[in-house]
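Q: Dropping the structure in here first, questions after.
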Amino acid sequence: MRVLRGVTIAFGVLAALAGLASVVTNSTFGFALDYLFVTLVGLFAIAQGLRYAGARRGADLEFTETGDPELRYEVPTPGGDFDEQVANAEGWSFRSVRDRDAVRDRLREATVETLVVHRSLDPEEATRRVNAGEWTDDPDAADLLADGTVERGARDVLRGLFRRESRHSHGVRRIVAEVDAIQRGER
Amino acid sequence: MSTVGSEEGTDVDDGTATEGRSATARDGSDDADDREGSMRGGVQEGAGDGPDEHDGDDESPEEAERLTVRDVLDTDRWVGAPAVTLLFAGLAIVVDRQAGLLLAGAVGVVFAAYAYGSGTPAPTLAVERRLSDETPGPGDDVRVTVTVRNEGEATLPDLRLVDGVPPALAVGEGSPRHATALRPGKRATFSYVVPAVRGRHEWESMQVIVRNAPGTREVDATVDSAEPTTLRCSPDLDATGDLPLRGLTTQYTGRIATDVGGPGLEFHSTRDYRHGDPLNRVDWNRMARTGELATLDFREERAATVVLLVDAREEAYVAPEPGAENAVERSVEAAGRSFSALLGGGDRVGLAALGPDELWLAPGAGNDHRARARDLLASHPALSPTPPDGRFFPSLRLRRLRRQLPSDAQLIVFSPLVDDYVASVARRLDAYGHLVTVVSPDPTAGGTPGELLARIERRSRISRLRRAGLRVVDWGDEPLATAVAGAAGRWSG
């Protein structure tokens, strides 16, 4: 690309010098300025003009970005990091797997503690129920924290097939909603 | 620089009828200016006034040195201008040798020469910023008037200004942006209003964007005002509802009801009269019934030594929504009110912070102490409304705090409890024998799974602290006094 650019520049400079010399010496250097030659020059000028016009259409205007001094400094909302982790947990990359494990551990800890306080279970029993998927009636919530697979009805399976949300994100949302309901005494 | 009367749209200098000019800013900030009406309606360009006409106007070269160029850009606004020439010339040749078309191509040459022949602007500006009140109370509106003067020799045909409003302040009315053109020696004035919030707020450099006339070159620079602009907003130390404190510590009369009989208000017991007992404590009813002298004892009230500990770590700078008061701001507000209430009740009160910047005010009493606390709450960097930059060493800070705390001090810890650190600090200090109460402004939202989980975890922390015997005031949107009263209802002691 660089070579082509150099050749183009050299050709342009030579052409400009030749033109200048042609004017100064009043000579055409053997070129006959006939109709064909002049037409070719005109077509070349049009082609170049179109090239410039095309460059203008595709050009990105450069400008300086300014901040938002009208607004206050924004601080994060608690839990934003977890949402980010859940979003990153999709897929099978090393980072995704690591994030998925971190999400699961944090949910498990919150669930066990809630069961201990609000269901008056000892930590071992609370952990057992979470591992066995017995802590909630919601199979989507239970499945994500369970060691094995939680049985689902045909209706749940069918509903899962038509869900736009990923199974992991849906499970996270269901667990959080379920634990919140337990803490508020609604379960 | 003198105060320019251009807010009224008048020319105050040499009477030259210069028309106020307002270029269109990219962000449309002039719309906001227009709404402001004549008080801040766009820019008013005053005629250049000599130093003798301008009281206090410092036009020394130092002002020019306050401008720092950050970047120079080619805007690419005229890319394609040669196409006009080439297309017209080409068509003139091809389409039957039209001389008129060839001449039209010359227009393109002029445009291209105009675009590429203009140089890079070299701005030399002086900025002055004035506040209507430099020490307002929280919530007061402060009008900021900015005057920019072209100190250079060249006209600045396209000048865009973005004032450096402190990060903790939001603009209420008007706009801190302005666009104008300035001839040499001319100046432009614009203004906006910021509602004051607690803290010491210093204005940052103004961003200046200057373009040459065709707009092909753009200079991005910053310029500082000759004098730093600082707004200092101190909190009101209004007393709030009583914070019921645990136990007693010092021997001075105060608000803590004890189990010791003596002078006071609440009945405690009766005992045999002893010589020297004050007559107003003699049980005259019993004297009338039985003829025996007895003395009434009341619960003695003694003063407490209380240290207010504010969680000001970076983690504590959280809020339920963008632009809302963050948890540290709420904590400082609560600490200020508690300070006043406790001091008013005869207690000795101190102040400390958990954060990278150390803050320690030993417990004390009196008006001087109150003034000192107000000063610290207003402007100490540890309690800044924006997150700290420094590194926080938790163990070191806790060790130092333990050394500073009087052995009999009670603690009121203000923290959003968004992580386990402060909860563990509170429990450790409680275990060391300091009676701890936690006041926790709630910064959680419940919109997303993450936000709801953060709320769940915070509830669990509060629950854990309560199970450990600590008092916790979970402070939501209600006034602090209401939250304290609500929490006090469930406290047994």
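In the structure tokens, chains take letters A, B, ... by order of appearance, with residues numbered from 1 within each chain and ligands from 1 in the order shown.
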Do you know which residues are at most 9 Å from range 195-200 of chain B counting only C-alpha atoms, after dropping those on the same chain fewer than 4 positions away, and could you put them as a list of chain:residue names?
A: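 Here the qualifying residues turn out to be B:Pro136, B:Gly137, B:Pro138, B:Gly139, B:Asp140, B:Asp141, B:Val142, B:Arg143, B:Ala168, B:Leu169, B:Ala170, B:Val171, B:Gly172, B:Thr230, B:Leu231, B:Arg232, B:Cys233, B:Ser234, B:Pro235, B:Glu329, B:Glu333, B:Leu377, B:Ala378, B:Ser379, B:His380, B:Pro381, B:Leu383, B:Ser384, B:Pro385.
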Q: Please list as an mmCIF file with N, CA and C atoms, in the first residue's frame every residue within 12 Å of Glu178 in chain A, counting only C-alpha atoms and excluding residues in the same chain fewer than 4 positions away.
A:
data_model
loop_
_atom_site.group_PDB
_atom_site.id
_atom_site.type_symbol
_atom_site.label_atom_id
_atom_site.label_comp_id
_atom_site.auth_asym_id
_atom_site.auth_seq_id
_atom_site.Cartn_x
_atom_site.Cartn_y
_atom_site.Cartn_z
ATOM 1 N N LEU A 107 -24.551 -16.607 45.015
ATOM 2 C CA LEU A 107 -25.977 -16.897 45.201
ATOM 3 C C LEU A 107 -26.177 -17.961 46.281
ATOM 4 N N ALA A 110 -25.732 -16.430 49.757
ATOM 5 C CA ALA A 110 -26.879 -15.600 50.152
ATOM 6 C C ALA A 110 -28.086 -16.478 50.471
ATOM 7 N N THR A 111 -28.262 -17.533 49.702
ATOM 8 C CA THR A 111 -29.425 -18.410 49.908
ATOM 9 C C THR A 111 -29.308 -19.166 51.231
ATOM 10 N N THR A 114 -29.867 -16.906 54.185
ATOM 11 C CA THR A 114 -31.280 -16.554 54.311
ATOM 12 C C THR A 114 -32.082 -17.704 54.915
ATOM 13 N N LEU A 115 -31.774 -18.919 54.474
ATOM 14 C CA LEU A 115 -32.494 -20.082 55.011
ATOM 15 C C LEU A 115 -32.187 -20.261 56.499
ATOM 16 N N TRP A 135 -34.920 -26.421 48.511
ATOM 17 C CA TRP A 135 -35.193 -25.212 49.294
ATOM 18 C C TRP A 135 -36.325 -24.373 48.732
ATOM 19 N N THR A 136 -36.716 -24.667 47.485
ATOM 20 C CA THR A 136 -37.778 -23.882 46.851
ATOM 21 C C THR A 136 -38.592 -24.775 45.932
ATOM 22 N N ASP A 137 -39.813 -24.348 45.656
ATOM 23 C CA ASP A 137 -40.669 -25.090 44.715
ATOM 24 C C ASP A 137 -40.373 -24.717 43.267
ATOM 25 N N ASP A 138 -39.613 -23.654 43.098
ATOM 26 C CA ASP A 138 -39.349 -23.166 41.742
ATOM 27 C C ASP A 138 -38.198 -23.978 41.140
ATOM 28 N N PRO A 139 -38.453 -24.819 40.149
ATOM 29 C CA PRO A 139 -37.384 -25.676 39.605
ATOM 30 C C PRO A 139 -36.283 -24.870 38.926
ATOM 31 N N ASP A 140 -36.650 -23.729 38.333
ATOM 32 C CA ASP A 140 -35.631 -22.904 37.664
ATOM 33 C C ASP A 140 -34.639 -22.342 38.683
ATOM 34 N N ALA A 141 -35.158 -21.964 39.876
ATOM 35 C CA ALA A 141 -34.282 -21.436 40.923
ATOM 36 C C ALA A 141 -33.472 -22.559 41.552
ATOM 37 N N ALA A 142 -34.136 -23.669 41.811
ATOM 38 C CA ALA A 142 -33.474 -24.781 42.493
ATOM 39 C C ALA A 142 -32.371 -25.391 41.634
ATOM 40 N N GLY A 171 -32.253 -18.518 35.632
ATOM 41 C CA GLY A 171 -32.070 -19.162 36.940
ATOM 42 C C GLY A 171 -31.624 -18.157 37.992
ATOM 43 N N VAL A 172 -30.680 -17.293 37.616
ATOM 44 C CA VAL A 172 -30.181 -16.273 38.556
ATOM 45 C C VAL A 172 -31.330 -15.376 39.003
ATOM 46 N N ARG A 173 -32.098 -14.933 38.028
ATOM 47 C CA ARG A 173 -33.213 -14.023 38.347
ATOM 48 C C ARG A 173 -34.224 -14.704 39.277
ATOM 49 N N ARG A 174 -34.497 -15.955 39.016
ATOM 50 C CA ARG A 174 -35.479 -16.686 39.831
ATOM 51 C C ARG A 174 -34.947 -16.895 41.261
ATOM 52 N N ILE A 182 -38.361 -14.842 50.461
ATOM 53 C CA ILE A 182 -38.189 -15.510 51.767
ATOM 54 C C ILE A 182 -37.825 -14.477 52.830
ATOM 55 N N GLN A 183 -36.905 -13.573 52.491
ATOM 56 C CA GLN A 183 -36.498 -12.556 53.473
ATOM 57 C C GLN A 183 -37.661 -11.644 53.848
ATOM 58 N N ARG A 184 -38.521 -11.377 52.886
ATOM 59 C CA ARG A 184 -39.645 -10.475 53.185
ATOM 60 C C ARG A 184 -40.833 -11.224 53.781
ATOM 61 N N GLY A 185 -40.647 -12.505 54.013
ATOM 62 C CA GLY A 185 -41.698 -13.295 54.653
ATOM 63 C C GLY A 185 -42.832 -13.678 53.734
ATOM 64 N N GLU A 186 -42.603 -13.627 52.422
ATOM 65 C CA GLU A 186 -43.668 -13.968 51.471
ATOM 66 C C GLU A 186 -43.619 -15.428 51.054
ATOM 67 N N ARG A 187 -42.646 -16.175 51.513
ATOM 68 C CA ARG A 187 -42.570 -17.619 51.221
ATOM 69 C C ARG A 187 -42.500 -18.383 52.527
ATOM 70 N N PRO B 449 -31.306 -8.179 38.874
ATOM 71 C CA PRO B 449 -30.961 -9.253 39.816
ATOM 72 C C PRO B 449 -29.787 -8.884 40.710
ATOM 73 N N LEU B 452 -30.907 -6.465 43.373
ATOM 74 C CA LEU B 452 -31.727 -7.154 44.368
ATOM 75 C C LEU B 452 -30.856 -8.044 45.265
ATOM 76 N N LEU B 453 -29.838 -8.654 44.670
ATOM 77 C CA LEU B 453 -28.941 -9.491 45.466
ATOM 78 C C LEU B 453 -28.171 -8.623 46.469
ATOM 79 N N ILE B 456 -30.392 -8.020 49.288
ATOM 80 C CA ILE B 456 -30.515 -9.228 50.108
ATOM 81 C C ILE B 456 -29.297 -9.375 51.023
#
Q: Check the DSSP output for the backbone and give back, as a PyMOL selection string, the residues of range 102-154 of chain B in helix (DSSP H, G or I).
A: chain B and resi 102-117
Q: For Pro416 in chain B, which of A:Asn131, A:Ser169, A:Ser96, A:Thr77 is the closest residue, counting only C-alpha atoms?
A: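 The closest residue to Pro416 in chain B is A:Thr77.
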Q: Do you have the CA of Val38 in chain A-CA of Gly80 in chain B distance handy?
A: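 The value is 24.0 Å.
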Q: Kindly give the distance, in Å, that separates CA of Pro78 in chain A and CA of Phe94 in chain A, rounded to a single decimal.
A: 25.8 Å
Q: Name the closest residue to chain B among the candidates A:Ala15, A:Ala87, A:Leu158, A:Ile46; distances are taken between atoms, counting only C-alpha atoms.
A: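 Smallest separation from chain B among the options: A:Ile46.
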Q: Between B:Ala304, B:Ala154, B:Ala382, B:Leu361, single out the one closest to Arg348 in chain B, counting only C-alpha atoms.
A: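 The closest residue to Arg348 in chain B is B:Ala304.
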Q: For chain A, list the residues within 7 Å of chain B, counting only C-alpha atoms, and write the list as a PDB file with N, CA and C atoms, in the first residue's frame.
A:
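Everything below was put into result19.pdb:
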ATOM      1  N   THR A  39      -9.956  14.775 -24.376  1.00  0.00           N
ATOM      2  CA  THR A  39     -11.104  14.074 -23.776  1.00  0.00           C
ATOM      3  C   THR A  39     -10.645  13.114 -22.672  1.00  0.00           C
ATOM      4  N   GLY A  42      -9.969  15.068 -19.673  1.00  0.00           N
ATOM      5  CA  GLY A  42     -11.252  15.439 -19.038  1.00  0.00           C
ATOM      6  C   GLY A  42     -11.844  14.272 -18.266  1.00  0.00           C
ATOM      7  N   LEU A  43     -11.825  13.077 -18.884  1.00  0.00           N
ATOM      8  CA  LEU A  43     -12.367  11.889 -18.203  1.00  0.00           C
ATOM      9  C   LEU A  43     -11.565  11.568 -16.929  1.00  0.00           C
ATOM     10  N   ALA A  45      -9.992  13.763 -15.141  1.00  0.00           N
ATOM     11  CA  ALA A  45     -10.374  14.775 -14.130  1.00  0.00           C
ATOM     12  C   ALA A  45     -11.702  14.394 -13.480  1.00  0.00           C
ATOM     13  N   ILE A  46     -12.650  13.908 -14.281  1.00  0.00           N
ATOM     14  CA  ILE A  46     -13.954  13.495 -13.712  1.00  0.00           C
ATOM     15  C   ILE A  46     -13.760  12.321 -12.747  1.00  0.00           C
ATOM     16  N   GLN A  48     -11.134  11.549 -11.051  1.00  0.00           N
ATOM     17  CA  GLN A  48     -10.516  12.044  -9.818  1.00  0.00           C
ATOM     18  C   GLN A  48     -11.538  12.807  -8.967  1.00  0.00           C
ATOM     19  N   GLY A  49     -12.346  13.593  -9.668  1.00  0.00           N
ATOM     20  CA  GLY A  49     -13.398  14.353  -8.934  1.00  0.00           C
ATOM     21  C   GLY A  49     -14.339  13.414  -8.206  1.00  0.00           C
ATOM     22  N   LEU A  50     -14.732  12.342  -8.885  1.00  0.00           N
ATOM     23  CA  LEU A  50     -15.634  11.361  -8.245  1.00  0.00           C
ATOM     24  C   LEU A  50     -14.936  10.690  -7.059  1.00  0.00           C
ATOM     25  N   TYR A  52     -12.678  12.045  -5.126  1.00  0.00           N
ATOM     26  CA  TYR A  52     -12.698  12.997  -4.015  1.00  0.00           C
ATOM     27  C   TYR A  52     -14.087  13.067  -3.366  1.00  0.00           C
ATOM     28  N   ALA A  53     -15.097  13.073  -4.252  1.00  0.00           N
ATOM     29  CA  ALA A  53     -16.467  13.147  -3.729  1.00  0.00           C
ATOM     30  C   ALA A  53     -16.772  11.905  -2.883  1.00  0.00           C
ATOM     31  N   ALA A  55     -14.569  10.151  -1.292  1.00  0.00           N
ATOM     32  CA  ALA A  55     -13.813  10.269  -0.028  1.00  0.00           C
ATOM     33  C   ALA A  55     -14.574  11.155   0.957  1.00  0.00           C
ATOM     34  N   ARG A  56     -15.239  12.185   0.447  1.00  0.00           N
ATOM     35  CA  ARG A  56     -16.002  13.086   1.323  1.00  0.00           C
ATOM     36  C   ARG A  56     -17.178  12.348   1.955  1.00  0.00           C
ATOM     37  N   LEU A  61     -15.983  12.963  10.345  1.00  0.00           N
ATOM     38  CA  LEU A  61     -15.561  14.264  10.833  1.00  0.00           C
ATOM     39  C   LEU A  61     -14.923  14.107  12.205  1.00  0.00           C
ATOM     40  N   GLU A  62     -13.805  14.752  12.382  1.00  0.00           N
ATOM     41  CA  GLU A  62     -13.109  14.701  13.673  1.00  0.00           C
ATOM     42  C   GLU A  62     -13.562  15.874  14.531  1.00  0.00           C
ATOM     43  N   PHE A  63     -13.798  15.627  15.782  1.00  0.00           N
ATOM     44  CA  PHE A  63     -14.116  16.732  16.695  1.00  0.00           C
ATOM     45  C   PHE A  63     -13.754  16.323  18.117  1.00  0.00           C
ATOM     46  N   THR A  64     -13.579  17.312  18.953  1.00  0.00           N
ATOM     47  CA  THR A  64     -13.179  17.059  20.339  1.00  0.00           C
ATOM     48  C   THR A  64     -14.395  16.678  21.164  1.00  0.00           C
ATOM     49  N   PRO A  69     -20.256  18.301  32.226  1.00  0.00           N
ATOM     50  CA  PRO A  69     -20.074  19.019  33.496  1.00  0.00           C
ATOM     51  C   PRO A  69     -21.390  19.381  34.166  1.00  0.00           C
ATOM     52  N   GLU A  70     -22.498  19.298  33.422  1.00  0.00           N
ATOM     53  CA  GLU A  70     -23.793  19.643  34.031  1.00  0.00           C
ATOM     54  C   GLU A  70     -24.219  18.604  35.048  1.00  0.00           C
ATOM     55  N   LEU A  71     -23.720  17.376  34.867  1.00  0.00           N
ATOM     56  CA  LEU A  71     -24.203  16.273  35.701  1.00  0.00           C
ATOM     57  C   LEU A  71     -23.273  16.037  36.875  1.00  0.00           C
ATOM     58  N   ARG A  72     -23.817  15.525  37.940  1.00  0.00           N
ATOM     59  CA  ARG A  72     -22.996  15.174  39.098  1.00  0.00           C
ATOM     60  C   ARG A  72     -22.161  13.939  38.780  1.00  0.00           C
ATOM     61  N   TYR A  73     -21.111  13.824  39.545  1.00  0.00           N
ATOM     62  CA  TYR A  73     -20.315  12.600  39.477  1.00  0.00           C
ATOM     63  C   TYR A  73     -21.235  11.422  39.812  1.00  0.00           C
ATOM     64  N   GLU A  74     -21.198  10.402  39.005  1.00  0.00           N
ATOM     65  CA  GLU A  74     -22.098   9.273  39.250  1.00  0.00           C
ATOM     66  C   GLU A  74     -21.366   8.157  39.983  1.00  0.00           C
ATOM     67  N   VAL A  75     -21.982   7.700  41.039  1.00  0.00           N
ATOM     68  CA  VAL A  75     -21.400   6.580  41.779  1.00  0.00           C
ATOM     69  C   VAL A  75     -22.158   5.310  41.399  1.00  0.00           C
ATOM     70  N   PRO A  76     -21.544   4.151  41.563  1.00  0.00           N
ATOM     71  CA  PRO A  76     -22.232   2.919  41.158  1.00  0.00           C
ATOM     72  C   PRO A  76     -23.399   2.566  42.078  1.00  0.00           C
ATOM     73  N   THR A  77     -24.257   1.723  41.567  1.00  0.00           N
ATOM     74  CA  THR A  77     -25.351   1.171  42.376  1.00  0.00           C
ATOM     75  C   THR A  77     -24.907  -0.201  42.858  1.00  0.00           C
ATOM     76  N   PRO A  78     -25.102  -0.508  44.130  1.00  0.00           N
ATOM     77  CA  PRO A  78     -24.671  -1.828  44.616  1.00  0.00           C
ATOM     78  C   PRO A  78     -25.303  -2.955  43.784  1.00  0.00           C
ATOM     79  N   GLY A  79     -24.489  -3.904  43.407  1.00  0.00           N
ATOM     80  CA  GLY A  79     -24.993  -5.041  42.627  1.00  0.00           C
ATOM     81  C   GLY A  79     -24.664  -4.950  41.149  1.00  0.00           C
ATOM     82  N   GLY A  80     -24.177  -3.798  40.708  1.00  0.00           N
ATOM     83  CA  GLY A  80     -23.838  -3.636  39.291  1.00  0.00           C
ATOM     84  C   GLY A  80     -22.762  -4.617  38.861  1.00  0.00           C
ATOM     85  N   PHE A  82     -22.311  -7.596  39.983  1.00  0.00           N
ATOM     86  CA  PHE A  82     -22.907  -8.934  39.844  1.00  0.00           C
ATOM     87  C   PHE A  82     -23.625  -9.055  38.501  1.00  0.00           C
ATOM     88  N   ASP A  83     -24.358  -8.006  38.132  1.00  0.00           N
ATOM     89  CA  ASP A  83     -25.050  -8.031  36.833  1.00  0.00           C
ATOM     90  C   ASP A  83     -24.054  -8.217  35.698  1.00  0.00           C
ATOM     91  N   ALA A 110     -25.732 -16.430  49.757  1.00  0.00           N
ATOM     92  CA  ALA A 110     -26.879 -15.600  50.152  1.00  0.00           C
ATOM     93  C   ALA A 110     -28.086 -16.478  50.471  1.00  0.00           C
ATOM     94  N   ARG A 173     -32.098 -14.933  38.028  1.00  0.00           N
ATOM     95  CA  ARG A 173     -33.213 -14.023  38.347  1.00  0.00           C
ATOM     96  C   ARG A 173     -34.224 -14.704  39.277  1.00  0.00           C
ATOM     97  N   VAL A 176     -32.753 -15.059  42.934  1.00  0.00           N
ATOM     98  CA  VAL A 176     -32.739 -13.787  43.658  1.00  0.00           C
ATOM     99  C   VAL A 176     -34.160 -13.408  44.088  1.00  0.00           C
ATOM    100  N   ASP A 180     -35.338 -13.166  47.973  1.00  0.00           N
ATOM    101  CA  ASP A 180     -35.918 -11.896  48.421  1.00  0.00           C
ATOM    102  C   ASP A 180     -37.298 -12.139  49.045  1.00  0.00           C
TER     103      ASP A 180
END
